[in-house]
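Data block for data.tsv (TSV, C-alpha atoms and all ligand atoms):
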```tsv
chain	number	residue	atom	x	y	z
J	1	MET	CA	111.58	111.90	92.54
J	2	ASN	CA	113.16	111.76	89.09
J	3	CYS	CA	111.43	110.89	85.82
J	4	PRO	CA	111.88	107.20	84.90
J	5	SER	CA	112.07	108.15	81.18
J	6	CYS	CA	114.36	111.18	81.08
J	7	GLY	CA	115.72	111.58	84.60
J	8	ALA	CA	114.41	115.13	85.10
J	9	GLN	CA	112.92	116.16	88.42
J	10	MET	CA	109.19	115.34	88.49
J	11	ARG	CA	106.44	117.46	89.97
J	12	LEU	CA	103.80	116.12	92.29
J	13	GLU	CA	100.36	117.27	91.15
J	14	ALA	CA	98.59	119.03	94.01
J	15	ASP	CA	95.28	117.20	93.74
J	16	LYS	CA	96.32	113.97	92.06
J	17	ASP	CA	98.09	110.80	93.05
J	18	CYS	CA	100.65	110.99	90.28
J	19	PHE	CA	103.83	112.82	89.29
J	20	THR	CA	104.32	114.64	86.00
J	21	CYS	CA	107.57	115.38	84.23
J	22	GLU	CA	107.68	118.94	82.95
J	23	TYR	CA	110.45	118.01	80.57
J	24	CYS	CA	109.10	114.99	78.67
J	25	ARG	CA	105.49	115.07	79.94
J	26	SER	CA	105.63	111.56	81.36
J	27	ILE	CA	103.08	110.75	84.02
J	28	PHE	CA	104.11	108.38	86.74
J	29	PHE	CA	101.81	106.65	89.24
J	30	PRO	CA	103.57	105.36	92.33
J	31	GLU	CA	102.82	101.73	93.11
J	32	LYS	CA	100.02	101.00	95.53
J	33	ASP	CA	100.65	98.70	98.44
J	34	ALA	CA	98.27	95.89	99.47
J	35	GLU	CA	96.04	98.41	101.20
J	36	GLY	CA	95.76	100.69	98.18
J	37	VAL	CA	98.05	103.35	99.61
J	38	SER	CA	100.57	104.93	97.25
J	39	VAL	CA	103.46	106.73	98.85
J	40	LEU	CA	104.16	110.03	97.08
J	41	GLN	CA	106.99	111.24	99.25
J	42	ALA	CA	108.84	109.08	101.73
J	43	GLU	CA	109.08	111.74	104.42
J	44	SER	CA	106.90	114.65	105.42
J	45	ASP	CA	107.36	117.30	108.07
J	46	GLN	CA	105.27	115.34	110.59
J	47	ASN	CA	106.17	112.27	112.62
J	48	CYS	CA	104.15	109.18	113.41
J	49	PRO	CA	102.60	109.61	116.88
J	50	ILE	CA	103.29	105.94	117.62
J	51	CYS	CA	106.72	105.26	116.07
J	52	ALA	CA	108.17	108.79	115.98
J	53	VAL	CA	109.50	108.22	112.44
J	54	PRO	CA	108.54	110.71	109.69
J	55	LEU	CA	105.13	110.07	108.14
J	56	ALA	CA	105.08	109.60	104.38
J	57	LEU	CA	102.97	111.77	102.15
J	58	ALA	CA	100.60	109.33	100.48
J	59	ALA	CA	97.39	108.99	98.49
J	60	LEU	CA	94.53	106.60	99.14
J	61	ALA	CA	91.57	106.55	96.73
J	62	LYS	CA	92.96	109.82	95.29
J	63	ILE	CA	92.78	111.51	98.70
J	64	ARG	CA	95.94	112.90	100.30
J	65	ILE	CA	96.85	111.39	103.63
J	66	ARG	CA	99.94	110.95	105.75
J	67	TYR	CA	100.95	107.39	106.31
J	68	CYS	CA	103.39	105.55	108.54
J	69	ILE	CA	105.12	102.86	106.51
J	70	HIS	CA	106.21	101.33	109.81
J	71	CYS	CA	102.94	100.82	111.75
J	72	ARG	CA	100.67	101.65	108.76
J	73	GLY	CA	98.66	104.13	110.73
J	74	VAL	CA	97.02	106.96	108.77
J	75	LEU	CA	96.61	110.67	109.49
J	76	ILE	CA	93.57	112.03	107.66
J	77	PRO	CA	92.26	115.62	107.57
J	78	MET	CA	88.74	115.61	109.03
J	79	ASP	CA	87.20	117.18	105.94
J	80	ALA	CA	88.66	114.40	103.78
J	81	PHE	CA	87.57	111.61	106.11
J	82	MET	CA	84.00	110.98	104.94
J	83	PRO	CA	84.84	111.42	101.23
J	84	LEU	CA	87.61	108.86	101.73
J	85	VAL	CA	85.29	106.39	103.47
J	86	GLU	CA	82.69	106.86	100.70
J	87	GLU	CA	85.32	106.43	98.01
J	88	LEU	CA	86.61	103.22	99.59
J	89	ARG	CA	83.05	101.87	100.03
J	90	ALA	CA	82.42	102.56	96.35
J	91	GLY	CA	85.20	100.07	95.60
J	92	SER	CA	82.99	97.29	97.10
J	93	PRO	CA	85.44	96.03	99.72
J	94	GLY	CA	82.79	93.63	101.08
J	95	SER	CA	81.15	93.97	104.45
J	96	LEU	CA	82.46	92.52	107.65
J	97	VAL	CA	80.80	92.70	111.06
J	98	PRO	CA	83.37	94.46	113.23
J	99	PRO	CA	84.39	92.92	116.54
J	100	ALA	CA	83.41	94.73	119.74
J	101	PRO	CA	85.41	97.86	120.47
J	102	ASP	CA	88.39	97.39	122.75
J	103	PRO	CA	87.96	99.72	125.76
J	104	ASN	CA	91.66	99.34	126.59
J	105	GLN	CA	92.45	101.43	123.54
J	106	LEU	CA	90.85	104.40	125.27
J	107	HIS	CA	93.75	104.53	127.70
J	108	ARG	CA	96.42	105.16	125.10
J	109	ARG	CA	97.52	108.77	124.82
J	110	ILE	CA	99.27	110.04	121.72
J	111	ALA	CA	100.31	113.53	120.65
J	112	CYS	CA	99.05	115.27	117.53
J	113	PRO	CA	101.74	115.06	114.83
J	114	GLN	CA	101.08	118.68	113.90
J	115	CYS	CA	100.61	120.66	117.14
J	116	HIS	CA	102.06	118.06	119.54
J	117	GLN	CA	99.19	118.48	122.00
J	118	PRO	CA	97.54	115.30	123.33
J	119	MET	CA	94.97	113.96	120.90
J	120	ASP	CA	91.40	113.25	121.97
J	121	THR	CA	90.95	109.47	122.16
J	122	HIS	CA	87.34	108.30	121.83
J	123	PHE	CA	84.97	105.80	120.27
J	124	TYR	CA	84.29	106.77	116.68
J	125	ALA	CA	80.64	107.80	116.47
J	126	GLY	CA	80.13	106.07	113.12
J	127	PRO	CA	80.23	102.36	112.27
J	128	GLY	CA	83.18	100.02	112.74
J	129	ASN	CA	83.45	99.89	116.57
J	130	VAL	CA	86.81	101.63	116.53
J	131	VAL	CA	88.61	103.94	118.90
J	132	ILE	CA	90.11	106.89	117.06
J	133	ASP	CA	92.32	109.79	118.04
J	134	ASP	CA	91.64	113.28	116.79
J	135	CYS	CA	92.93	116.81	117.16
J	136	SER	CA	90.15	119.38	117.02
J	137	THR	CA	92.70	122.20	116.66
J	138	CYS	CA	94.38	120.82	113.55
J	139	LEU	CA	91.25	118.96	112.35
J	140	LEU	CA	93.10	115.69	111.97
J	141	ASN	CA	92.09	112.09	112.64
J	142	TRP	CA	94.62	109.39	113.45
J	143	LEU	CA	93.60	105.80	112.70
J	144	ASP	CA	95.69	102.79	113.54
J	145	HIS	CA	96.21	100.09	110.97
J	146	GLY	CA	92.97	98.31	110.09
J	147	GLU	CA	90.63	100.84	111.70
J	148	LEU	CA	89.83	102.67	108.50
J	149	MET	CA	88.85	99.44	106.73
J	150	ARG	CA	86.74	98.41	109.71
J	151	ILE	CA	84.76	101.61	109.27
J	152	VAL	CA	84.58	101.14	105.50
J	153	ARG	CA	83.49	97.49	105.71
J	154	ALA	CA	81.02	97.81	108.59
J	155	PRO	CA	77.64	96.69	107.24
J	156	ASP	CA	75.59	99.31	109.09
J	157	HIS	CA	76.22	103.00	109.20
J	158	THR	CA	75.37	103.59	112.83
J	159	TYR	CA	77.31	102.92	115.96
J	160	THR	CA	75.59	100.20	117.99
J	161	GLY	CA	77.80	99.91	121.05
J	162	GLU	CA	77.89	101.72	124.36
J	163	GLU	CA	77.43	105.44	124.75
J	164	GLU	CA	80.47	107.40	123.77
J	165	MET	CA	82.98	107.51	126.59
J	166	VAL	CA	85.40	110.36	127.10
J	201	ZN	ZN	110.74	113.05	81.79
J	202	ZN	ZN	104.01	104.50	112.95
J	203	ZN	ZN	96.94	119.19	116.51
```

Structure translated into structure tokens:
Amino acid sequence: MNCPSCGAQMRLEADKDCFTCEYCRSIFFPEKDAEGVSVLQAESDQNCPICAVPLALAALAKIRIRYCIHCRGVLIPMDAFMPLVEELRAGSPGSLVPPAPDPNQLHRRIACPQCHQPMDTHFYAGPGNVVIDDCSTCLLNWLDHGELMRIVRAPDHTYTGEEEMV
């Protein structure tokens, strides 16, 4: 994107959720949407596994994710997943008892946006009663809209439902 003050090309900081202008030193923070996600780049090299449109490069609680502006699903590197959940919990989002997991969600099959192999669809072992999709090759988790906040807002930190089903 271009600098709002001087029009020069801005640089995206590798570990931040802002752009800097090398010409006039302006710092620009992209606007956050209602869910706290700021889109840094409208299109990345990976597509949404649900909508097949390019995922945006985005930041949530200062952590880099890929985000579908269409279905609002999120693709999160596994090593960033717990830090992200902790960071979002630190923002006191309030707790909410999650509804029972929906076993029908286990039947959906989606392909990994990176390696295009089928993702592993399973009950998330932590709180929130959600079904997530992950790729153990690329170390990526896909969460549909709302699932991340269900995990964040779950009052307990252990999964209380049925045994994990494969
Ligand atoms: Zn500038
Ligand atoms: Zn999508
Ligand atoms: Zn993969």

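A straight line drawn from atom CA of Leu55 of chain J to atom CA of Ser5 of chain J is 27.9 Å long.
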
(request) List the neighbours of segment 60-74 of chain J out to 8 Å using only C-alpha atoms; skip same-chain residues closer than 2 positions along the sequence, and give me the result as number ranges by chain. (result) J: 15-17, 36-39, 44, 48, 50-51, 53-58, 76-77, 80, 84, 87-88, 142-145

Suppose we keep C-alpha atoms; can you now write the selection as a PDB file, in the coordinates of the input?
```pdb
ATOM      1  CA  ASP J  15      95.280 117.200  93.740  1.00  0.00           C
ATOM      2  CA  LYS J  16      96.320 113.970  92.060  1.00  0.00           C
ATOM      3  CA  ASP J  17      98.090 110.800  93.050  1.00  0.00           C
ATOM      4  CA  GLY J  36      95.760 100.690  98.180  1.00  0.00           C
ATOM      5  CA  VAL J  37      98.050 103.350  99.610  1.00  0.00           C
ATOM      6  CA  SER J  38     100.570 104.930  97.250  1.00  0.00           C
ATOM      7  CA  VAL J  39     103.460 106.730  98.850  1.00  0.00           C
ATOM      8  CA  SER J  44     106.900 114.650 105.420  1.00  0.00           C
ATOM      9  CA  CYS J  48     104.150 109.180 113.410  1.00  0.00           C
ATOM     10  CA  ILE J  50     103.290 105.940 117.620  1.00  0.00           C
ATOM     11  CA  CYS J  51     106.720 105.260 116.070  1.00  0.00           C
ATOM     12  CA  VAL J  53     109.500 108.220 112.440  1.00  0.00           C
ATOM     13  CA  PRO J  54     108.540 110.710 109.690  1.00  0.00           C
ATOM     14  CA  LEU J  55     105.130 110.070 108.140  1.00  0.00           C
ATOM     15  CA  ALA J  56     105.080 109.600 104.380  1.00  0.00           C
ATOM     16  CA  LEU J  57     102.970 111.770 102.150  1.00  0.00           C
ATOM     17  CA  ALA J  58     100.600 109.330 100.480  1.00  0.00           C
ATOM     18  CA  ILE J  76      93.570 112.030 107.660  1.00  0.00           C
ATOM     19  CA  PRO J  77      92.260 115.620 107.570  1.00  0.00           C
ATOM     20  CA  ALA J  80      88.660 114.400 103.780  1.00  0.00           C
ATOM     21  CA  LEU J  84      87.610 108.860 101.730  1.00  0.00           C
ATOM     22  CA  GLU J  87      85.320 106.430  98.010  1.00  0.00           C
ATOM     23  CA  LEU J  88      86.610 103.220  99.590  1.00  0.00           C
ATOM     24  CA  TRP J 142      94.620 109.390 113.450  1.00  0.00           C
ATOM     25  CA  LEU J 143      93.600 105.800 112.700  1.00  0.00           C
ATOM     26  CA  ASP J 144      95.690 102.790 113.540  1.00  0.00           C
ATOM     27  CA  HIS J 145      96.210 100.090 110.970  1.00  0.00           C
TER      28      HIS J 145
END
```

(message) Between J:Cys138, J:Ala52, J:Met10, J:Cys24, which residue has the minimum interatomic distance to ligand ZN 201 (chain J), considering only C-alpha atoms and all ligand atoms?
(response)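 Ranking J:Cys138, J:Ala52, J:Met10, J:Cys24 by distance to ligand ZN 201 (chain J), first place goes to J:Cys24.
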
(request) Kindly indicate which residue among J:Ile151, J:Ala125, J:Ala90, J:Val131 lies nearest to Asn104 of chain J, using all atoms listed in the file for the distances. (result)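 Under the stated criterion, the closest residue is J:Val131.
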
(request) Would you please work out which residue, of J:Val97, J:Glu13, J:Pro49, J:Ser92, is nearest to Asp133 of chain J when using all atoms listed in the file? (result)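 Closest residue, counting all atoms listed in the file: J:Pro49.
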
(request) Could you please extract the residues within 8 Å of ligand ZN 203 (chain J), counting all atoms listed in the file, and hand them back as a VMD selection string? (result) chain J and resid 111 to 119 134 to 140

(request) Have a look at atom CA of Val152 of chain J and atom CA of Pro93 of chain J and let me know their distance in Å, one decimal. (result)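 Computing the Euclidean distance for atom CA of Val152 of chain J and atom CA of Pro93 of chain J yields 7.8 Å.
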
(message) Please report the interatomic distance between atom CA of Pro101 of chain J and atom CA of Tyr124 of chain J in Å with one decimal.
(response) 9.7 Å

(message) Ranking J:Pro30, J:Gly7, J:Pro99, J:Gly94 by minimum distance to Arg153 of chain J and counting only C-alpha atoms, which one comes first?
(response)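 Among J:Pro30, J:Gly7, J:Pro99, J:Gly94, it is J:Gly94 that comes nearest to Arg153 of chain J.
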
(request) Rank nothing, just name the residue among J:Leu75, J:Leu40, J:Cys21, J:Ile110 nearest to Ala59 of chain J, using only C-alpha atoms. (result)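 Going through J:Leu75, J:Leu40, J:Cys21, J:Ile110 one by one, the smallest distance to Ala59 of chain J is for J:Leu40.
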
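Checking J:Ser95, J:Arg108, J:Arg25, J:Asn47 one by one against ligand ZN 202 (chain J), counting all atoms listed in the file, you find the shortest gap at J:Asn47.
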
For chain J against ligand ZN 201 (chain J), with a cut-off of 12 Å and counting all atoms listed in the file, what is the closest atom pair and its distance in Å to one decimal for every residue that makes the cut, ordered by chain and number, as a tab-separated table?
```
residue	atom	partner	partner_atom	distance
J:Met1	CA	J:ZN201	ZN	10.8
J:Asn2	CA	J:ZN201	ZN	7.8
J:Cys3	CA	J:ZN201	ZN	4.6
J:Pro4	CA	J:ZN201	ZN	6.7
J:Ser5	CA	J:ZN201	ZN	5.1
J:Cys6	CA	J:ZN201	ZN	4.1
J:Gly7	CA	J:ZN201	ZN	5.9
J:Ala8	CA	J:ZN201	ZN	5.4
J:Gln9	CA	J:ZN201	ZN	7.6
J:Met10	CA	J:ZN201	ZN	7.2
J:Arg11	CA	J:ZN201	ZN	10.2
J:Phe19	CA	J:ZN201	ZN	10.2
J:Thr20	CA	J:ZN201	ZN	7.8
J:Cys21	CA	J:ZN201	ZN	4.6
J:Glu22	CA	J:ZN201	ZN	6.7
J:Tyr23	CA	J:ZN201	ZN	5.1
J:Cys24	CA	J:ZN201	ZN	4.0
J:Arg25	CA	J:ZN201	ZN	5.9
J:Ser26	CA	J:ZN201	ZN	5.3
J:Ile27	CA	J:ZN201	ZN	8.3
J:Phe28	CA	J:ZN201	ZN	9.5
```

Any chance you could export the current selection's C-alpha atoms as a PDB file, in the coordinates of the input?
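File produced: part_11.pdb:
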```
ATOM      1  CA  MET J   1     111.580 111.900  92.540  1.00  0.00           C
ATOM      2  CA  ASN J   2     113.160 111.760  89.090  1.00  0.00           C
ATOM      3  CA  CYS J   3     111.430 110.890  85.820  1.00  0.00           C
ATOM      4  CA  PRO J   4     111.880 107.200  84.900  1.00  0.00           C
ATOM      5  CA  SER J   5     112.070 108.150  81.180  1.00  0.00           C
ATOM      6  CA  CYS J   6     114.360 111.180  81.080  1.00  0.00           C
ATOM      7  CA  GLY J   7     115.720 111.580  84.600  1.00  0.00           C
ATOM      8  CA  ALA J   8     114.410 115.130  85.100  1.00  0.00           C
ATOM      9  CA  GLN J   9     112.920 116.160  88.420  1.00  0.00           C
ATOM     10  CA  MET J  10     109.190 115.340  88.490  1.00  0.00           C
ATOM     11  CA  ARG J  11     106.440 117.460  89.970  1.00  0.00           C
ATOM     12  CA  PHE J  19     103.830 112.820  89.290  1.00  0.00           C
ATOM     13  CA  THR J  20     104.320 114.640  86.000  1.00  0.00           C
ATOM     14  CA  CYS J  21     107.570 115.380  84.230  1.00  0.00           C
ATOM     15  CA  GLU J  22     107.680 118.940  82.950  1.00  0.00           C
ATOM     16  CA  TYR J  23     110.450 118.010  80.570  1.00  0.00           C
ATOM     17  CA  CYS J  24     109.100 114.990  78.670  1.00  0.00           C
ATOM     18  CA  ARG J  25     105.490 115.070  79.940  1.00  0.00           C
ATOM     19  CA  SER J  26     105.630 111.560  81.360  1.00  0.00           C
ATOM     20  CA  ILE J  27     103.080 110.750  84.020  1.00  0.00           C
ATOM     21  CA  PHE J  28     104.110 108.380  86.740  1.00  0.00           C
TER      22      PHE J  28
END
```
